[in-house]
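Visitor: Structure file entry08.cif (mmCIF, C-alpha atoms and all ligand atoms) is given on the next line.
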data_target
#
loop_
_atom_site.label_atom_id
_atom_site.label_comp_id
_atom_site.auth_asym_id
_atom_site.auth_seq_id
_atom_site.Cartn_x
_atom_site.Cartn_y
_atom_site.Cartn_z
CA MET H 242 86.41 133.76 103.99
CA ASP H 243 86.43 133.69 100.21
CA LYS H 244 87.14 130.49 98.31
CA ARG H 245 90.51 131.73 97.02
CA GLN H 246 91.87 132.47 100.52
CA GLU H 247 90.39 129.24 101.86
CA THR H 248 92.21 127.31 99.11
CA ILE H 249 95.50 129.11 99.76
CA ASP H 250 95.29 128.26 103.47
CA LEU H 251 94.56 124.65 102.64
CA LEU H 252 97.53 124.43 100.28
CA LYS H 253 99.78 125.94 102.98
CA GLU H 254 98.50 123.48 105.58
CA TYR H 255 99.44 120.55 103.36
CA ASN H 256 102.81 121.92 102.14
CA GLN H 257 101.61 122.55 98.59
CA GLU H 258 102.75 126.21 98.42
CA HIS H 259 104.05 125.79 94.84
CA ILE H 260 100.46 125.55 93.66
CA ILE H 261 99.82 129.01 95.14
CA LYS H 262 102.53 130.34 92.83
CA PHE H 263 100.73 128.86 89.83
CA LEU H 264 97.46 130.30 91.10
CA GLU H 265 98.97 133.79 91.24
CA LYS H 266 99.98 133.61 87.59
CA LEU H 267 96.62 132.54 86.19
CA ASN H 268 93.86 134.75 84.83
CA ASP H 269 90.58 134.85 86.80
CA GLU H 270 88.84 132.18 84.79
CA LYS H 271 91.68 129.66 84.93
CA ALA H 272 92.31 130.42 88.60
CA GLU H 273 88.68 129.80 89.41
CA GLN H 274 88.81 126.43 87.63
CA LEU H 275 91.92 125.46 89.57
CA ILE H 276 90.35 126.51 92.88
CA LYS H 277 87.30 124.42 92.08
CA GLN H 278 89.48 121.41 91.36
CA ILE H 279 91.51 121.83 94.57
CA GLN H 280 88.33 122.11 96.64
CA LYS H 281 87.33 118.68 95.41
CA ILE H 282 90.65 117.06 96.33
CA ASP H 283 91.02 115.46 99.73
CA LEU H 284 94.51 116.75 100.57
CA HIS H 285 94.52 114.89 103.85
CA GLN H 286 93.94 111.60 102.03
CA ILE H 287 96.66 112.41 99.48
CA THR H 288 99.16 113.21 102.26
CA GLU H 289 98.33 109.93 104.00
CA LEU H 290 98.68 108.02 100.72
CA TYR H 291 102.05 109.66 100.03
CA ASN H 292 103.26 108.81 103.54
CA SER H 293 102.21 105.20 102.99
CA THR H 294 104.67 104.94 100.07
CA LYS H 295 107.44 105.09 102.69
CA LYS H 296 106.14 102.06 104.57
CA THR H 297 106.49 98.41 103.60
CA VAL H 298 103.55 96.05 103.92
CA GLU H 299 104.19 93.24 106.34
CA PHE H 300 102.31 89.99 106.59
CA LYS H 301 103.97 88.67 109.75
CA GLU H 302 100.70 88.30 111.62
CA SER H 303 98.94 86.69 108.69
CA LYS H 304 98.19 83.06 108.10
CA ILE H 305 98.80 82.24 104.43
CA GLU H 306 97.39 79.01 103.02
CA ALA H 307 97.06 77.53 99.57
CA LEU H 308 93.73 77.96 97.81
CA LYS H 309 91.88 75.08 96.15
CA TYR H 310 91.40 75.19 92.39
CA LEU H 311 90.20 72.95 89.60
CA ASP H 312 92.21 72.43 86.46
CA LYS H 313 90.00 72.85 83.39
CA ALA H 314 92.08 70.34 81.46
CA LYS H 315 91.64 67.73 84.18
CA LEU H 316 87.89 67.98 84.78
CA THR H 317 86.02 64.71 84.35
CA LYS H 318 83.56 64.51 81.44
CA GLU H 319 80.67 64.63 83.94
CA GLN H 320 82.08 67.67 85.76
CA LYS H 321 82.66 69.55 82.51
CA GLU H 322 79.18 68.76 81.19
CA LYS H 323 77.55 69.77 84.44
CA PHE H 324 79.42 73.08 84.64
CA ASP H 325 78.78 73.89 80.99
CA ARG H 326 75.08 73.13 81.31
CA LEU H 327 74.73 75.41 84.37
CA GLY H 328 76.76 78.17 82.76
CA LYS H 329 75.01 78.05 79.39
CA LYS H 330 71.61 78.38 81.02
CA VAL H 331 72.56 81.72 82.58
CA VAL H 332 74.06 83.10 79.37
CA LYS H 333 71.16 81.92 77.21
CA ASN H 334 68.70 83.53 79.64
CA ASN H 335 70.44 86.89 79.10
CA GLN H 336 71.53 86.99 82.73
CA TYR H 337 75.21 87.51 81.98
CA ALA H 338 76.99 90.83 81.45
CA VAL H 339 80.57 91.73 80.65
CA VAL H 340 82.60 94.67 81.96
CA THR H 341 85.86 95.73 80.31
CA MET H 342 88.27 97.79 82.36
CA ALA H 343 89.76 100.27 79.92
CA GLY H 344 90.61 103.13 82.25
CA GLY H 345 94.32 102.37 82.65
CA GLN H 346 97.05 104.73 81.52
CA GLY H 347 99.06 102.03 79.76
CA THR H 348 102.28 103.83 80.66
CA ARG H 349 104.51 100.78 80.09
CA LEU H 350 103.25 100.23 76.57
CA GLY H 351 103.67 103.89 75.73
CA HIS H 352 100.97 103.84 73.02
CA ASN H 353 99.63 107.26 72.13
CA GLY H 354 95.96 106.75 72.98
CA PRO H 355 93.75 104.46 75.07
CA LYS H 356 95.12 100.90 75.20
CA GLY H 357 92.05 99.45 73.47
CA THR H 358 92.94 101.52 70.41
CA PHE H 359 96.31 99.78 70.12
CA LYS H 360 96.56 97.70 66.95
CA LEU H 361 98.12 94.31 67.45
CA ASP H 362 99.98 93.30 64.32
CA VAL H 363 98.21 89.97 63.75
CA TYR H 364 97.69 88.22 60.44
CA GLY H 365 99.17 91.05 58.41
CA LYS H 366 96.13 93.31 58.65
CA GLY H 367 96.28 93.80 62.39
CA LYS H 368 93.50 94.04 64.94
CA TYR H 369 92.76 96.65 67.58
CA LEU H 370 92.52 95.34 71.15
CA PHE H 371 88.89 96.55 71.29
CA GLU H 372 88.22 94.67 68.05
CA ILE H 373 89.64 91.46 69.54
CA LEU H 374 87.27 91.83 72.50
CA VAL H 375 84.31 92.39 70.19
CA ASP H 376 85.26 89.26 68.21
CA ASN H 377 85.21 87.27 71.42
CA LEU H 378 81.79 88.62 72.46
CA LYS H 379 80.31 88.12 68.99
CA GLU H 380 81.49 84.52 68.97
CA ALA H 381 79.72 83.91 72.31
CA ASN H 382 76.58 85.70 71.11
CA GLN H 383 76.42 83.46 68.10
CA LYS H 384 77.04 80.32 70.13
CA TYR H 385 74.36 81.10 72.74
CA GLY H 386 71.86 83.03 70.61
CA VAL H 387 71.97 86.25 72.63
CA THR H 388 73.47 89.74 72.63
CA ILE H 389 75.50 90.18 75.78
CA ASN H 390 75.35 93.56 77.50
CA TRP H 391 78.81 95.08 77.42
CA TYR H 392 79.94 97.81 79.85
CA ILE H 393 83.22 99.61 79.17
CA MET H 394 84.98 101.55 81.89
CA THR H 395 87.10 104.48 80.76
CA SER H 396 88.94 107.19 82.68
CA LYS H 397 88.30 110.94 82.52
CA GLU H 398 91.58 111.15 80.64
CA ASN H 399 90.70 108.67 77.88
CA ASN H 400 86.90 108.67 77.76
CA GLU H 401 86.45 111.08 74.87
CA GLU H 402 89.05 109.39 72.72
CA THR H 403 87.64 105.94 73.47
CA VAL H 404 84.08 106.95 72.56
CA LYS H 405 85.26 108.64 69.36
CA PHE H 406 87.27 105.57 68.37
CA LEU H 407 84.43 103.13 68.96
CA GLU H 408 81.93 105.38 67.14
CA LYS H 409 84.28 105.80 64.20
CA ASN H 410 84.71 102.05 63.94
CA ASN H 411 80.99 101.45 64.41
CA TYR H 412 81.73 99.41 67.56
CA PHE H 413 83.30 96.83 65.23
CA GLY H 414 79.83 95.66 64.36
CA TYR H 415 78.59 95.20 67.94
CA ASP H 416 75.02 96.36 68.50
CA LYS H 417 75.50 99.79 70.09
CA ASN H 418 72.28 99.44 72.09
CA TYR H 419 74.02 96.78 74.15
CA VAL H 420 77.11 98.88 74.93
CA LYS H 421 77.40 101.30 77.86
CA ILE H 422 80.49 103.36 78.54
CA PHE H 423 81.11 104.69 82.04
CA THR H 424 83.94 106.63 83.61
CA GLN H 425 85.94 105.79 86.70
CA SER H 426 87.07 108.16 89.44
CA GLU H 427 90.45 109.80 89.78
CA LEU H 428 93.05 110.76 92.39
CA PRO H 429 95.88 113.30 92.10
CA ILE H 430 99.38 112.01 91.44
CA VAL H 431 102.30 113.35 93.50
CA ASP H 432 106.03 113.67 92.90
CA THR H 433 108.69 111.99 95.04
CA ASN H 434 108.37 114.77 97.63
CA GLY H 435 104.63 114.38 97.92
CA LYS H 436 103.94 117.54 95.88
CA LEU H 437 100.95 117.84 93.58
CA MET H 438 101.94 118.15 89.93
CA MET H 439 100.65 120.71 87.43
CA GLY H 440 99.56 119.69 83.96
CA LYS H 441 99.97 121.65 80.71
CA ASP H 442 96.34 122.71 80.99
CA TYR H 443 97.00 124.29 84.42
CA LYS H 444 94.99 121.63 86.16
CA ILE H 445 96.43 119.46 88.89
CA LYS H 446 97.41 116.15 87.39
CA GLU H 447 95.04 113.40 88.32
CA ALA H 448 94.90 109.81 87.16
CA SER H 449 92.39 107.01 87.36
CA ASP H 450 92.38 105.43 90.79
CA GLY H 451 93.13 101.85 89.79
CA ASN H 452 91.02 99.00 88.51
CA GLY H 453 89.63 98.44 92.03
CA GLY H 454 87.59 101.56 91.26
CA THR H 455 85.46 99.47 88.89
CA TYR H 456 83.01 98.38 91.58
CA SER H 457 82.12 101.79 92.99
CA SER H 458 82.16 103.33 89.51
CA LEU H 459 79.65 100.74 88.32
CA ARG H 460 77.32 101.85 91.10
CA ARG H 461 77.97 105.60 90.81
CA SER H 462 77.44 105.57 87.05
CA GLY H 463 74.08 103.82 87.25
CA CYS H 464 75.40 100.75 85.39
CA LEU H 465 74.72 98.51 88.37
CA THR H 466 71.10 99.65 88.46
CA ASP H 467 70.91 99.14 84.72
CA MET H 468 72.19 95.56 85.12
CA LYS H 469 69.62 94.87 87.83
CA GLU H 470 66.81 96.24 85.67
CA LYS H 471 67.94 93.97 82.85
CA GLY H 472 67.83 90.93 85.15
CA ILE H 473 71.59 90.30 85.07
CA LYS H 474 72.67 87.70 87.63
CA TRP H 475 76.38 87.25 86.82
CA VAL H 476 78.95 89.85 85.84
CA PHE H 477 82.33 89.19 84.23
CA ILE H 478 85.03 91.83 84.74
CA GLY H 479 88.15 91.64 82.61
CA SER H 480 91.02 93.70 81.27
CA VAL H 481 91.34 95.42 77.92
CA ASP H 482 94.84 94.17 77.22
CA ASN H 483 94.73 90.37 77.06
CA ALA H 484 94.42 89.25 73.45
CA LEU H 485 93.31 85.76 74.51
CA LEU H 486 90.83 86.75 77.20
CA LYS H 487 87.74 84.52 77.18
CA MET H 488 84.97 86.70 78.51
CA VAL H 489 82.23 84.12 78.31
CA ASP H 490 83.56 80.88 79.73
CA VAL H 491 80.51 78.80 80.64
CA THR H 492 82.70 76.23 82.43
CA LEU H 493 83.98 78.86 84.84
CA LEU H 494 80.46 80.21 85.33
CA GLY H 495 78.96 76.75 85.88
CA MET H 496 81.72 75.87 88.32
CA ALA H 497 80.95 79.00 90.37
CA ILE H 498 77.24 78.16 90.39
CA SER H 499 77.91 74.54 91.28
CA GLN H 500 80.19 75.52 94.18
CA GLY H 501 77.64 78.04 95.45
CA VAL H 502 80.18 80.88 95.59
CA GLN H 503 79.70 84.57 94.83
CA ILE H 504 83.02 85.13 93.09
CA ALA H 505 85.16 83.12 90.69
CA SER H 506 88.34 83.59 88.73
CA LYS H 507 90.33 81.97 85.95
CA SER H 508 94.02 81.47 86.67
CA VAL H 509 97.03 80.24 84.76
CA VAL H 510 99.87 78.42 86.42
CA LYS H 511 103.02 80.42 87.09
CA ALA H 512 105.70 79.93 84.44
CA ASN H 513 108.24 79.32 87.22
CA PRO H 514 108.28 79.77 91.02
CA HIS H 515 109.79 83.23 90.70
CA GLU H 516 107.71 84.67 87.90
CA LYS H 517 106.72 88.23 88.80
CA VAL H 518 102.97 87.74 89.09
CA GLY H 519 100.41 87.88 91.88
CA VAL H 520 99.12 84.50 93.00
CA PHE H 521 95.98 83.32 94.74
CA CYS H 522 96.12 82.28 98.38
CA LYS H 523 93.95 82.28 101.44
CA MET H 524 94.99 84.86 104.01
CA ASN H 525 93.48 84.72 107.46
CA GLY H 526 90.70 82.57 106.03
CA HIS H 527 89.81 84.81 103.07
CA PRO H 528 90.73 84.60 99.38
CA LYS H 529 93.46 86.98 98.33
CA VAL H 530 95.93 87.69 95.57
CA ILE H 531 99.37 88.10 97.04
CA GLU H 532 101.97 90.03 95.03
CA TYR H 533 105.24 88.27 94.19
CA THR H 534 107.08 90.85 96.24
CA GLU H 535 105.06 89.89 99.30
CA LEU H 536 105.23 86.08 99.02
CA PRO H 537 108.09 84.63 101.12
CA GLU H 538 110.63 82.79 98.93
CA ASN H 539 110.20 79.38 100.61
CA MET H 540 106.45 79.60 100.01
CA ALA H 541 106.95 80.55 96.36
CA GLU H 542 108.86 77.29 95.86
CA GLU H 543 106.62 75.01 97.96
CA THR H 544 104.92 72.14 96.12
CA ASP H 545 101.97 69.90 96.99
CA SER H 546 101.73 66.10 96.88
CA ASP H 547 101.22 66.22 93.08
CA GLY H 548 104.40 68.21 92.66
CA GLU H 549 102.40 71.34 91.70
CA LEU H 550 103.33 74.75 93.11
CA LYS H 551 101.21 75.40 96.22
CA PHE H 552 101.03 79.08 95.37
CA GLY H 553 101.13 78.75 91.61
CA GLU H 554 97.80 80.10 90.40
CA SER H 555 98.31 83.54 88.92
CA HIS H 556 95.58 86.14 88.68
CA ILE H 557 94.96 87.14 85.05
CA MET H 558 92.15 89.70 85.47
CA CYS H 559 89.48 87.24 84.44
CA ASN H 560 86.93 87.51 87.22
CA LEU H 561 83.30 86.65 87.73
CA TYR H 562 80.81 87.91 90.31
CA THR H 563 77.18 87.55 91.23
CA ILE H 564 75.34 90.85 90.95
CA GLU H 565 74.92 90.76 94.76
CA ALA H 566 78.70 90.50 95.13
CA ILE H 567 79.22 93.59 92.96
CA GLU H 568 76.61 95.46 94.98
CA LYS H 569 78.33 94.50 98.24
CA ILE H 570 81.85 95.40 97.11
CA SER H 571 80.73 98.67 95.53
CA LYS H 572 79.90 99.95 99.02
CA GLU H 573 83.18 98.89 100.64
CA ILE H 574 86.39 100.88 100.74
CA LEU H 575 89.35 99.13 99.14
CA MET H 576 92.93 99.80 100.23
CA TYR H 577 95.20 101.88 97.97
CA HIS H 578 98.59 100.84 96.62
CA SER H 579 101.12 103.21 95.12
CA ALA H 580 102.63 102.75 91.68
CA PHE H 581 105.78 104.61 90.65
CA LYS H 582 105.17 105.89 87.11
CA LYS H 583 106.34 108.39 84.48
CA ASN H 584 104.15 111.48 84.30
CA SER H 585 104.84 114.74 82.52
CA TYR H 586 104.19 118.07 84.24
CA ILE H 587 105.02 121.76 83.96
CA ASP H 588 107.48 123.65 86.14
CA LEU H 589 106.90 127.09 87.63
CA ASP H 590 108.02 128.72 84.37
CA GLY H 591 105.36 126.81 82.48
CA LYS H 592 107.93 124.57 80.78
CA GLU H 593 106.76 121.01 80.16
CA ILE H 594 108.98 118.30 81.65
CA ILE H 595 108.69 114.87 80.05
CA PRO H 596 110.49 112.40 82.31
CA GLN H 597 112.55 109.50 80.98
CA GLU H 598 112.28 107.59 84.25
CA PRO H 599 109.40 107.14 86.73
CA ASN H 600 109.03 110.35 88.71
CA SER H 601 105.67 110.18 90.47
CA TYR H 602 103.31 108.12 92.55
CA LYS H 603 99.90 107.13 91.32
CA PHE H 604 97.48 105.69 93.84
CA GLU H 605 95.47 102.71 92.83
CA SER H 606 93.13 100.22 94.35
CA PHE H 607 93.28 96.73 92.86
CA ILE H 608 90.34 94.72 91.61
CA PHE H 609 91.47 91.63 93.52
CA ASP H 610 91.62 93.32 96.91
CA ALA H 611 87.86 92.86 97.00
CA PHE H 612 88.18 89.08 97.18
CA GLU H 613 88.84 89.26 100.89
CA PHE H 614 85.28 90.44 101.54
CA PHE H 615 84.23 86.84 100.80
CA ASP H 616 84.83 83.48 102.47
CA ASP H 617 85.43 81.61 99.28
CA ILE H 618 86.22 81.87 95.59
CA ALA H 619 86.03 79.30 92.78
CA ILE H 620 89.30 79.12 90.85
CA LEU H 621 89.50 77.44 87.49
CA ARG H 622 92.97 76.90 86.10
CA GLY H 623 93.03 77.64 82.40
CA LYS H 624 95.95 77.33 80.04
CA ARG H 625 98.44 80.07 79.35
CA GLU H 626 98.40 79.32 75.63
CA ASP H 627 94.58 79.52 75.50
CA ASP H 628 93.85 82.29 77.98
CA PHE H 629 96.68 84.70 78.46
CA ALA H 630 98.39 87.00 75.96
CA PRO H 631 98.89 90.28 77.82
CA VAL H 632 100.03 93.47 76.12
CA LYS H 633 101.85 95.34 78.88
CA ASN H 634 105.36 96.33 77.88
CA LYS H 635 106.71 97.99 74.76
CA GLU H 636 109.25 95.19 74.29
CA GLY H 637 110.31 91.87 75.80
CA VAL H 638 107.94 89.89 78.02
CA ASP H 639 104.21 90.57 77.74
CA SER H 640 104.73 92.84 74.77
CA PRO H 641 102.87 93.21 71.44
CA LYS H 642 105.38 90.77 69.94
CA THR H 643 104.69 87.98 72.47
CA ALA H 644 100.92 88.64 72.37
CA LYS H 645 100.88 88.45 68.57
CA GLU H 646 102.69 85.10 68.64
CA LEU H 647 100.33 83.67 71.26
CA TYR H 648 97.25 85.01 69.46
CA GLU H 649 98.23 83.60 66.08
CA LYS H 650 99.29 80.24 67.55
CA PHE H 651 95.94 79.94 69.33
CA TRP H 652 93.87 80.77 66.26
CA ASN H 653 95.95 78.56 63.98
CA ARG H 654 95.31 75.69 66.42
CA GLU H 655 91.58 76.49 66.56
CA LYS H 656 91.34 76.57 62.76
CA LYS H 657 93.06 73.19 62.51
CA GLU H 658 90.79 71.64 65.12
CA ASN H 659 87.53 72.91 63.65
P1 LIG G 1 97.37 97.64 84.54
O1 LIG G 1 97.42 97.58 86.00
O2 LIG G 1 98.23 96.70 83.80
O3 LIG G 1 97.64 99.13 84.09
O4 LIG G 1 95.85 97.45 84.09
P2 LIG G 1 97.71 99.86 82.70
O5 LIG G 1 97.22 101.22 82.94
O6 LIG G 1 97.02 99.12 81.61
O7 LIG G 1 99.23 99.86 82.35
P3 LIG G 1 100.49 100.57 83.07
O8 LIG G 1 100.65 99.88 84.41
O9 LIG G 1 100.22 102.04 83.20
O10 LIG G 1 101.61 100.28 82.13
C1 LIG G 1 95.19 96.23 84.04
C2 LIG G 1 93.79 96.50 83.53
O11 LIG G 1 93.10 97.39 84.41
C3 LIG G 1 92.67 98.54 83.72
C4 LIG G 1 93.56 98.63 82.50
O12 LIG G 1 92.94 99.40 81.49
C5 LIG G 1 93.74 97.17 82.16
O13 LIG G 1 92.63 96.67 81.47
N1 LIG G 1 92.77 99.72 84.61
C6 LIG G 1 93.91 99.97 85.28
C7 LIG G 1 91.68 100.55 84.71
O14 LIG G 1 90.63 100.32 84.08
N2 LIG G 1 91.78 101.63 85.54
C8 LIG G 1 92.90 101.91 86.23
O15 LIG G 1 92.92 102.90 86.96
C9 LIG G 1 93.99 101.05 86.10
#
Would you mind writing the file's structure down as structure tokens?
Ligand code: UTP
Guide:
Amino acid sequence: MDKRQETIDLLKEYNQEHIIKFLEKLNDEKAEQLIKQIQKIDLHQITELYNSTKKTVEFKESKIEALKYLDKAKLTKEQKEKFDRLGKKVVKNNQYAVVTMAGGQGTRLGHNGPKGTFKLDVYGKGKYLFEILVDNLKEANQKYGVTINWYIMTSKENNEETVKFLEKNNYFGYDKNYVKIFTQSELPIVDTNGKLMMGKDYKIKEASDGNGGTYSSLRRSGCLTDMKEKGIKWVFIGSVDNALLKMVDVTLLGMAISQGVQIASKSVVKANPHEKVGVFCKMNGHPKVIEYTELPENMAEETDSDGELKFGESHIMCNLYTIEAIEKISKEILMYHSAFKKNSYIDLDGKEIIPQEPNSYKFESFIFDAFEFFDDIAILRGKREDDFAPVKNKEGVDSPKTAKELYEKFWNREKKEN
């Protein structure tokens, strides 16, 4: 059977007949491209993922416990010195690498371009989010006398624009030889009826498959091998959109080494018991981040003997791994979650529809779902005002306005102290 007929049969089998109609309208070249794309899509997996959007996750059988953490502000002088000494040694020996996850769509922010190219209006002149990250790395390089290897993950959708932007800005003065850009994998998005959506370019709309894709993409792209060849022992993975992210925290690193764990994470305490953030817990004996929607209300309010929230440590995408941990996770399959997002598409007449409200499901794996492959994790509680200024929404909470305020307050404090 020829490829075209094979593809048509496949589309019929999975109730995607509308794509056949598009196929019939296209010239040979475009049709061939579309057929090639469809052949690469696992329609069975997409159907299963769509069906899973109709089910709710239940934790009835699970045992949820609080997870131990250390508060950075409450470490003894000896503890702090010990952690810093252990951490510094690794960084100074050039055994520390940083990965930035910049493959997200940034749909909530609505910025026209990759999120790292968003300019935060700080100190009048403004700074791009990528520039803020570079500043943070340069500061660490100067402090520890090294140049840290920096790996940036993009998506197929934003790779070209990201590379162009960084080239044009000369990597904001970062030595290009120490920067590697790699691309994550994608999955098709579907509408509320589970139908594939067609893009303006007559390709089926696909989107990056979530930040959990970082691990396997590091391996697939050869970056993991590159790290091993360079003698990297610890890898930091963080987001592109936190203006106060500290990518080289030697206290966190030293704490992980001292506790003999393979993974570590910086948290900040929840603003209130019902803040809409994921928090750390132990589920069935393994570390996990549980979403606010999944944490029973009585547990969300529970406090310990110090009056602190038992489930109060929120995950801020500030994670650390041994190279062995990355290798291990990169070979595992993470679960997928669905996110309901706005995505434009074309109808059968070729007219572009730009939705005002979410209209489609994107399937994503989450970086923190990998924690459960381990028995333990070291958690260091940082401070919201020092560590967390996310740029997520156009307005309101976690918006450019709140991030600007937090960023300027932090740096004004730093300037005063030094
Ligand atoms: P978010 O989950 O907040 O997603 O990403 P987002 O794409 O930035 O924003 P929305 O939800 O569409 O509004 C947290 C971090 O993970 C990265 C993002 O770039 C950000 O640094 N990420 C997310 C990826 O690298 N790939 C993905 O597929 C998703």
Visitor: Find the residue from H:Lys244, H:Lys645, H:Lys517, H:Lys633 that sits nearest to ligand LIG 1 (chain G); use all atoms listed in the file when measuring.
Guide: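 Ranking H:Lys244, H:Lys645, H:Lys517, H:Lys633 by distance to ligand LIG 1 (chain G), first place goes to H:Lys633.
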Visitor: List as a PyMOL selection string the protein and nucleic acid residues near H:Val481, meaning an atom at most 10 Å away when all atoms listed in the file are counted, but skip any in the same chain fewer than 4 places from it.
Guide: chain H and resi 340-345+355-358+370-371+373-374+393-394+486+558+631-632
Visitor: Taking (101.1, 85.0, 99.6) in the coordinates of the supplied file, I want to know which residues reach to within 12 Å of it, counting all atoms listed in the file; could you give the answer as a ChimeraX atom specification?
Guide: /H:299-301,303-308,518-525,527-543,551-555
Visitor: Rank H:Glu470, H:Glu398, H:Asp617, H:Asp432 by their smallest atom-to-atom distance to ligand LIG 1 (chain G), using all atoms listed in the file, and report the top residue only.
Guide: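 Going through H:Glu470, H:Glu398, H:Asp617, H:Asp432 one by one, the smallest distance to ligand LIG 1 (chain G) is for H:Glu398.
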Visitor: Around all the atoms of ligand LIG 1 (chain G) listed in the file, with 3 Å of room on each side, what axis-aligned box do you get, giving centre and edge lengths in Å to one decimal, as lines of an AutoDock Vina configuration file?
Guide:
center_x = 96.1
center_y = 99.6
center_z = 84.2
size_x = 17.0
size_y = 12.7
size_z = 11.5
Visitor: As an exercise, work out the distance from atom CA of H:Lys441 to atom CA of H:Ile594 in Å and give it to one decimal place.
Guide: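 Computed distance, atom CA of H:Lys441 to atom CA of H:Ile594, equals 9.7 Å.
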Visitor: Could you check which of H:Glu593, H:Asp416, H:Asp490, H:Glu427 is closest to ligand LIG 1 (chain G), using all atoms listed in the file?
Guide: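 Smallest distance to ligand LIG 1 (chain G) is found for H:Glu427.
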Visitor: To one decimal place in Å, what is the distance between atom CA of H:Lys366 and atom CA of H:Tyr412?
Guide: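 Separating atom CA of H:Lys366 from atom CA of H:Tyr412 is a distance of 18.0 Å.
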